[in-house]
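Just final.cif here, mmCIF, C-alpha atoms:
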```
data_run
#
loop_
_atom_site.group_PDB
_atom_site.id
_atom_site.type_symbol
_atom_site.label_atom_id
_atom_site.label_comp_id
_atom_site.auth_asym_id
_atom_site.auth_seq_id
_atom_site.Cartn_x
_atom_site.Cartn_y
_atom_site.Cartn_z
ATOM 1 C CA MET A 1 -65.982 -223.824 9.369
ATOM 2 C CA ARG A 2 -63.063 -222.027 11.036
ATOM 3 C CA HIS A 3 -64.894 -219.476 13.176
ATOM 4 C CA GLY A 4 -62.470 -217.980 15.716
ATOM 5 C CA LYS A 5 -59.605 -220.354 14.855
ATOM 6 C CA LYS A 6 -56.386 -218.290 14.906
ATOM 7 C CA THR A 7 -53.883 -221.035 14.114
ATOM 8 C CA ASN A 8 -53.510 -222.379 10.592
ATOM 9 C CA SER A 9 -53.215 -226.159 10.795
ATOM 10 C CA LEU A 10 -51.578 -226.251 7.310
ATOM 11 C CA GLY A 11 -53.341 -229.563 6.592
ATOM 12 C CA ARG A 12 -51.177 -231.424 9.152
ATOM 13 C CA LYS A 13 -51.579 -232.904 12.587
ATOM 14 C CA SER A 14 -49.983 -231.074 15.510
ATOM 15 C CA ALA A 15 -46.821 -233.255 15.772
ATOM 16 C CA HIS A 16 -46.137 -232.991 12.042
ATOM 17 C CA ARG A 17 -46.803 -229.244 12.061
ATOM 18 C CA LYS A 18 -44.485 -228.556 15.033
ATOM 19 C CA ALA A 19 -41.669 -230.623 13.507
ATOM 20 C CA MET A 20 -42.035 -228.835 10.172
ATOM 21 C CA LEU A 21 -41.995 -225.357 11.756
ATOM 22 C CA ALA A 22 -38.970 -226.289 13.905
ATOM 23 C CA ASN A 23 -37.047 -227.442 10.821
ATOM 24 C CA MET A 24 -38.006 -224.297 8.903
ATOM 25 C CA ALA A 25 -36.950 -222.105 11.836
ATOM 26 C CA CYS A 26 -33.559 -223.850 12.057
ATOM 27 C CA SER A 27 -32.909 -223.434 8.337
ATOM 28 C CA LEU A 28 -33.956 -219.763 8.489
ATOM 29 C CA ILE A 29 -31.582 -219.095 11.403
ATOM 30 C CA GLU A 30 -28.759 -220.882 9.568
ATOM 31 C CA HIS A 31 -29.259 -219.384 6.070
ATOM 32 C CA LYS A 32 -30.981 -216.079 7.078
ATOM 33 C CA ARG A 33 -33.377 -216.426 4.102
ATOM 34 C CA ILE A 34 -35.625 -219.225 2.761
ATOM 35 C CA ASN A 35 -38.268 -219.615 0.048
ATOM 36 C CA THR A 36 -41.647 -221.149 0.991
ATOM 37 C CA THR A 37 -45.383 -220.632 0.596
ATOM 38 C CA VAL A 38 -47.073 -217.567 2.077
ATOM 39 C CA ALA A 39 -49.235 -219.673 4.454
ATOM 40 C CA LYS A 40 -46.174 -221.471 5.883
ATOM 41 C CA ALA A 41 -44.238 -218.206 6.150
ATOM 42 C CA LYS A 42 -47.017 -216.552 8.180
ATOM 43 C CA ALA A 43 -47.177 -219.580 10.497
ATOM 44 C CA LEU A 44 -43.378 -219.557 10.832
ATOM 45 C CA ARG A 45 -43.340 -215.853 11.736
ATOM 46 C CA VAL A 46 -45.770 -216.449 14.614
ATOM 47 C CA TYR A 47 -43.678 -219.454 15.717
ATOM 48 C CA LEU A 48 -40.173 -217.924 15.499
ATOM 49 C CA GLU A 49 -40.492 -214.279 16.559
ATOM 50 C CA PRO A 50 -41.152 -215.064 20.264
ATOM 51 C CA LEU A 51 -38.053 -217.296 20.238
ATOM 52 C CA LEU A 52 -35.960 -214.454 18.787
ATOM 53 C CA THR A 53 -37.201 -212.169 21.571
ATOM 54 C CA LYS A 54 -36.258 -214.841 24.118
ATOM 55 C CA ALA A 55 -32.768 -215.121 22.586
ATOM 56 C CA LYS A 56 -31.982 -211.478 23.424
ATOM 57 C CA THR A 57 -31.224 -212.506 27.019
ATOM 58 C CA ASP A 58 -28.341 -214.963 26.798
ATOM 59 C CA SER A 59 -28.897 -217.153 29.861
ATOM 60 C CA THR A 60 -29.064 -220.866 30.520
ATOM 61 C CA HIS A 61 -32.815 -220.710 31.090
ATOM 62 C CA SER A 62 -33.529 -218.918 27.787
ATOM 63 C CA ARG A 63 -31.250 -221.332 25.926
ATOM 64 C CA ARG A 64 -33.146 -224.308 27.366
ATOM 65 C CA VAL A 65 -36.525 -222.791 26.498
ATOM 66 C CA VAL A 66 -35.475 -222.127 22.869
ATOM 67 C CA PHE A 67 -33.905 -225.597 22.600
ATOM 68 C CA SER A 68 -37.205 -227.200 23.662
ATOM 69 C CA TYR A 69 -38.756 -225.717 20.502
ATOM 70 C CA LEU A 70 -35.940 -226.055 17.927
ATOM 71 C CA GLN A 71 -34.202 -229.271 19.088
ATOM 72 C CA SER A 72 -30.941 -228.303 17.289
ATOM 73 C CA LYS A 73 -27.691 -227.368 19.035
ATOM 74 C CA ASP A 74 -26.199 -225.812 15.894
ATOM 75 C CA ALA A 75 -29.215 -223.549 15.444
ATOM 76 C CA ILE A 76 -29.056 -222.511 19.117
ATOM 77 C CA THR A 77 -25.369 -221.529 18.921
ATOM 78 C CA GLU A 78 -25.960 -219.584 15.674
ATOM 79 C CA LEU A 79 -28.987 -217.852 17.170
ATOM 80 C CA PHE A 80 -27.313 -216.739 20.405
ATOM 81 C CA ARG A 81 -23.892 -215.870 18.878
ATOM 82 C CA GLU A 82 -24.702 -214.272 15.519
ATOM 83 C CA VAL A 83 -28.397 -213.364 15.346
ATOM 84 C CA ALA A 84 -29.151 -212.143 18.881
ATOM 85 C CA PRO A 85 -26.481 -209.345 18.965
ATOM 86 C CA LYS A 86 -27.770 -207.930 15.661
ATOM 87 C CA ILE A 87 -31.442 -207.848 16.697
ATOM 88 C CA ALA A 88 -30.719 -206.567 20.217
ATOM 89 C CA ASP A 89 -31.932 -203.006 19.492
ATOM 90 C CA ARG A 90 -34.973 -203.987 17.395
ATOM 91 C CA PRO A 91 -38.303 -204.032 19.325
ATOM 92 C CA GLY A 92 -39.997 -206.827 17.365
ATOM 93 C CA GLY A 93 -40.615 -207.327 13.656
ATOM 94 C CA TYR A 94 -37.518 -209.448 13.068
ATOM 95 C CA LEU A 95 -38.790 -211.189 9.918
ATOM 96 C CA ARG A 96 -39.786 -209.863 6.498
ATOM 97 C CA ILE A 97 -42.046 -211.659 3.984
ATOM 98 C CA ILE A 98 -41.538 -210.770 0.307
ATOM 99 C CA ARG A 99 -44.003 -212.318 -2.138
ATOM 100 C CA THR A 100 -42.427 -213.818 -5.273
ATOM 101 C CA GLY A 101 -45.445 -214.882 -7.345
ATOM 102 C CA THR A 102 -47.139 -218.240 -7.736
ATOM 103 C CA ARG A 103 -45.764 -221.764 -8.021
ATOM 104 C CA LEU A 104 -45.944 -223.384 -11.448
ATOM 105 C CA GLY A 105 -47.381 -226.747 -10.367
ATOM 106 C CA ASP A 106 -50.275 -225.924 -8.048
ATOM 107 C CA ASN A 107 -50.420 -222.093 -8.371
ATOM 108 C CA ALA A 108 -49.639 -221.666 -4.663
ATOM 109 C CA GLU A 109 -48.549 -218.190 -3.507
ATOM 110 C CA MET A 110 -44.771 -218.260 -2.967
ATOM 111 C CA CYS A 111 -42.653 -215.880 -0.925
ATOM 112 C CA MET A 112 -39.205 -215.318 0.551
ATOM 113 C CA ILE A 113 -38.995 -214.929 4.332
ATOM 114 C CA GLU A 114 -35.798 -213.397 5.738
ATOM 115 C CA LEU A 115 -34.253 -211.861 8.832
ATOM 116 C CA VAL A 116 -34.532 -208.088 8.513
ATOM 117 C CA ASP A 117 -31.106 -207.220 9.953
ATOM 118 C CA PHE A 118 -29.221 -209.611 7.664
ATOM 119 C CA ASN A 119 -30.367 -208.094 4.358
ATOM 120 C CA GLU A 120 -27.243 -206.180 3.280
ATOM 121 C CA LEU A 121 -29.000 -204.236 0.520
ATOM 122 C CA MET A 122 -31.637 -202.827 2.896
ATOM 123 C CA THR A 123 -29.262 -202.108 5.806
ATOM 124 C CA LYS A 124 -26.703 -200.172 3.721
ATOM 125 C CA GLU A 125 -26.539 -196.458 4.489
ATOM 126 C CA PRO A 126 -27.705 -194.245 1.613
ATOM 127 C CA LYS A 127 -24.923 -192.516 -0.302
ATOM 128 C CA GLU A 128 -24.622 -188.743 -0.112
ATOM 129 C CA LYS A 129 -26.012 -186.983 -3.141
ATOM 130 C CA LYS A 130 -23.432 -185.157 -5.230
ATOM 131 C CA THR A 131 -24.280 -181.639 -6.367
ATOM 132 C CA ARG A 132 -24.766 -181.432 -10.110
ATOM 133 C CA ARG A 133 -22.791 -178.832 -12.000
ATOM 134 C CA SER A 134 -24.349 -177.282 -15.059
ATOM 135 C CA ARG A 135 -23.483 -174.389 -17.334
ATOM 136 C CA ARG A 136 -26.705 -172.634 -16.444
ATOM 137 C CA GLY A 137 -25.923 -172.827 -12.732
ATOM 138 C CA GLY A 138 -25.421 -169.779 -10.541
ATOM 139 C CA GLY A 139 -22.193 -168.140 -9.460
ATOM 140 C CA THR A 140 -21.420 -170.792 -6.879
ATOM 141 C CA ALA A 141 -20.997 -173.512 -9.522
ATOM 142 C CA LYS A 142 -18.816 -171.213 -11.635
ATOM 143 C CA ALA A 143 -16.695 -170.262 -8.621
ATOM 144 C CA GLU A 144 -16.221 -173.939 -7.766
ATOM 145 C CA THR A 145 -15.197 -174.770 -11.344
ATOM 146 C CA THR A 146 -12.731 -171.855 -11.509
ATOM 147 C CA ALA A 147 -11.250 -172.835 -8.165
ATOM 148 C CA THR A 148 -10.777 -176.424 -9.311
ATOM 149 C CA GLU A 149 -9.236 -175.268 -12.615
ATOM 150 C CA GLY A 150 -6.822 -172.930 -10.756
ATOM 151 C CA ALA A 151 -5.778 -175.736 -8.433
ATOM 152 C CA ALA A 152 -5.214 -178.051 -11.411
ATOM 153 C CA LYS A 153 -3.061 -175.413 -13.178
ATOM 154 C CA GLU A 154 -0.962 -174.884 -10.045
ATOM 155 C CA GLU A 155 -0.431 -178.642 -9.748
ATOM 156 C CA THR A 156 0.698 -178.871 -13.395
ATOM 157 C CA LYS A 157 3.105 -175.933 -12.915
ATOM 158 C CA SER A 158 4.626 -177.490 -9.806
ATOM 159 C CA GLU A 159 4.978 -180.823 -11.619
ATOM 160 C CA ALA A 160 6.686 -179.077 -14.557
ATOM 161 C CA LYS A 161 9.111 -177.322 -12.199
ATOM 162 C CA GLU A 162 9.960 -180.613 -10.521
ATOM 163 C CA GLU A 163 10.470 -182.353 -13.862
ATOM 164 C CA ALA A 164 12.723 -179.605 -15.362
ATOM 165 C CA PRO A 165 15.813 -180.189 -13.131
ATOM 166 C CA LYS A 166 15.369 -183.946 -13.528
ATOM 167 C CA ALA A 167 15.422 -183.587 -17.330
ATOM 168 C CA LYS A 168 18.534 -181.381 -17.166
ATOM 169 C CA LYS A 169 20.348 -183.922 -15.009
ATOM 170 C CA GLU A 170 19.412 -186.746 -17.372
ATOM 171 C CA THR A 171 20.631 -184.821 -20.440
ATOM 172 C CA ALA A 172 23.890 -183.942 -18.659
ATOM 173 C CA LYS A 173 24.438 -187.589 -17.747
ATOM 174 C CA LYS A 174 23.828 -188.646 -21.345
ATOM 175 C CA ALA A 175 26.159 -185.947 -22.704
ATOM 176 C CA GLU A 176 29.094 -186.829 -20.400
ATOM 177 C CA PRO A 177 29.879 -190.288 -21.811
ATOM 178 C CA LYS A 178 29.555 -188.954 -25.379
ATOM 179 C CA ALA A 179 32.069 -186.185 -24.619
ATOM 180 C CA LYS A 180 34.450 -188.702 -23.059
ATOM 181 C CA LYS A 181 34.224 -190.924 -26.139
ATOM 182 C CA GLU A 182 34.801 -188.012 -28.547
ATOM 183 C CA ALA A 183 37.831 -186.657 -26.603
ATOM 184 C CA PRO A 184 40.196 -189.626 -27.315
ATOM 185 C CA LYS A 185 39.113 -189.662 -30.981
ATOM 186 C CA LYS A 186 40.158 -186.015 -31.384
ATOM 187 C CA ALA A 187 43.486 -186.694 -29.656
ATOM 188 C CA GLU A 188 44.188 -189.557 -32.062
ATOM 189 C CA GLU A 189 43.423 -187.345 -35.071
ATOM 190 C CA LYS A 190 45.840 -184.713 -33.804
ATOM 191 C CA LYS A 191 48.576 -187.323 -33.470
ATOM 192 C CA GLU A 192 47.981 -188.619 -36.984
ATOM 193 C CA THR A 193 48.125 -185.212 -38.750
ATOM 194 C CA PRO A 194 51.779 -184.337 -37.920
ATOM 195 C CA LYS A 195 52.925 -187.729 -39.246
ATOM 196 C CA LYS A 196 51.413 -186.987 -42.651
ATOM 197 C CA GLU A 197 53.123 -183.569 -42.736
ATOM 198 C CA ASP A 198 56.497 -185.161 -41.918
ATOM 199 C CA LYS A 199 56.120 -187.516 -44.883
ATOM 200 C CA LYS A 200 55.426 -184.582 -47.204
ATOM 201 C CA ASP A 201 58.589 -182.773 -45.984
ATOM 202 C CA ASP A 202 60.710 -185.886 -46.659
ATOM 203 C CA LYS A 203 59.438 -186.111 -50.264
ATOM 204 C CA GLU A 204 60.252 -182.433 -50.932
ATOM 205 C CA GLU A 205 63.803 -182.861 -49.650
ATOM 206 C CA LYS A 206 64.347 -185.778 -52.003
#
```

Can the structure from this file be put into structure tokens for me?
Amino acid sequence: MRHGKKTNSLGRKSAHRKAMLANMACSLIEHKRINTTVAKAKALRVYLEPLLTKAKTDSTHSRRVVFSYLQSKDAITELFREVAPKIADRPGGYLRIIRTGTRLGDNAEMCMIELVDFNELMTKEPKEKKTRRSRRGGGTAKAETTATEGAAKEETKSEAKEEAPKAKKETAKKAEPKAKKEAPKKAEEKKETPKKEDKKDDKEEK
């Protein structure tokens, strides 16, 4: 019987249990989220949350205390550099357990345990709700729609005015080379016509 026993031994001796929880804590600090059984996750939460509170004060003493539990230099640097600044304002409750159903082999309850402040979906600020516009709406919606339509019409008019001189310039540029090409042709025709008349006069004299 387990009367009054608060700690879950997890079917392991103390050395095995401490090593397992230390490894799980290191992987959770490194990856910010791990999948495990619900019993292990509850034991890990009791094991790791006091260490996260200790990590808020970045001193040599606190680093040595946390290292005595985790026994990993990489996990210590990640904890004090990345995790501690994010959880600085949170007064406890650093971990979240989300149940994910049962395991196929032995039907054990599975869950995902994660650091609360590193879940990007939960920490995102909610978007501002846009006001819906409907035909049955009051005068405010109609006024807004008319104002937007008027602004759109003014923009189109200004764009048309800006485009008109550009179009005129382009047409003038296109017309100039055509006029230059046609001018020498007309001059050549004028030169050719008097020659033909001279030939006719010569025939009549003969």

On this structure, which residues satisfy the PyMOL selection byres ((chain A and resi 56) around 8), written as JSON, numbers by chain?
{"A": [52, 53, 54, 55, 57, 58, 80, 84, 85, 87, 88]}

Ile98 of chain A surroundings by only C-alpha atoms, 7 Å radius, close-in-sequence under 2 positions cut, as a ChimeraX atom specification:
/A:96,100,111-113

Restricting it to C-alpha atoms, dump the selection as a compact mmCIF listing (two decimals), keeping the file's coordinate frame.
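Final output, selection-v1.txt:
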```txt
# COMPACT_ATOMS: atom_id res chain seq x y z
CA ARG A 96 -39.79 -209.86 6.50
CA THR A 100 -42.43 -213.82 -5.27
CA CYS A 111 -42.65 -215.88 -0.92
CA MET A 112 -39.20 -215.32 0.55
CA ILE A 113 -38.99 -214.93 4.33
```

What is the distance, in Å and to one decimal place, between atom CA of Leu70 of chain A and atom CA of Glu82 of chain A?
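That distance, rounded to one decimal, is 16.5 Å.
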
Nearest candidate to Lys86 of chain A (options A:Thr102, A:Ser59, A:Gln71, A:Asn119; using only C-alpha atoms):
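Once distances to Lys86 of chain A are computed over only C-alpha atoms, the minimum belongs to A:Asn119.
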
Expand the PyMOL selection byres ((chain A and resi 45) around 10) into the individual residues it matches in the shown file, reporting them as a count of residues only.
19

I'd like the interatomic distance between atom CA of Gly11 of chain A and atom CA of Met24 of chain A, to a tenth of an Å.
16.4 Å
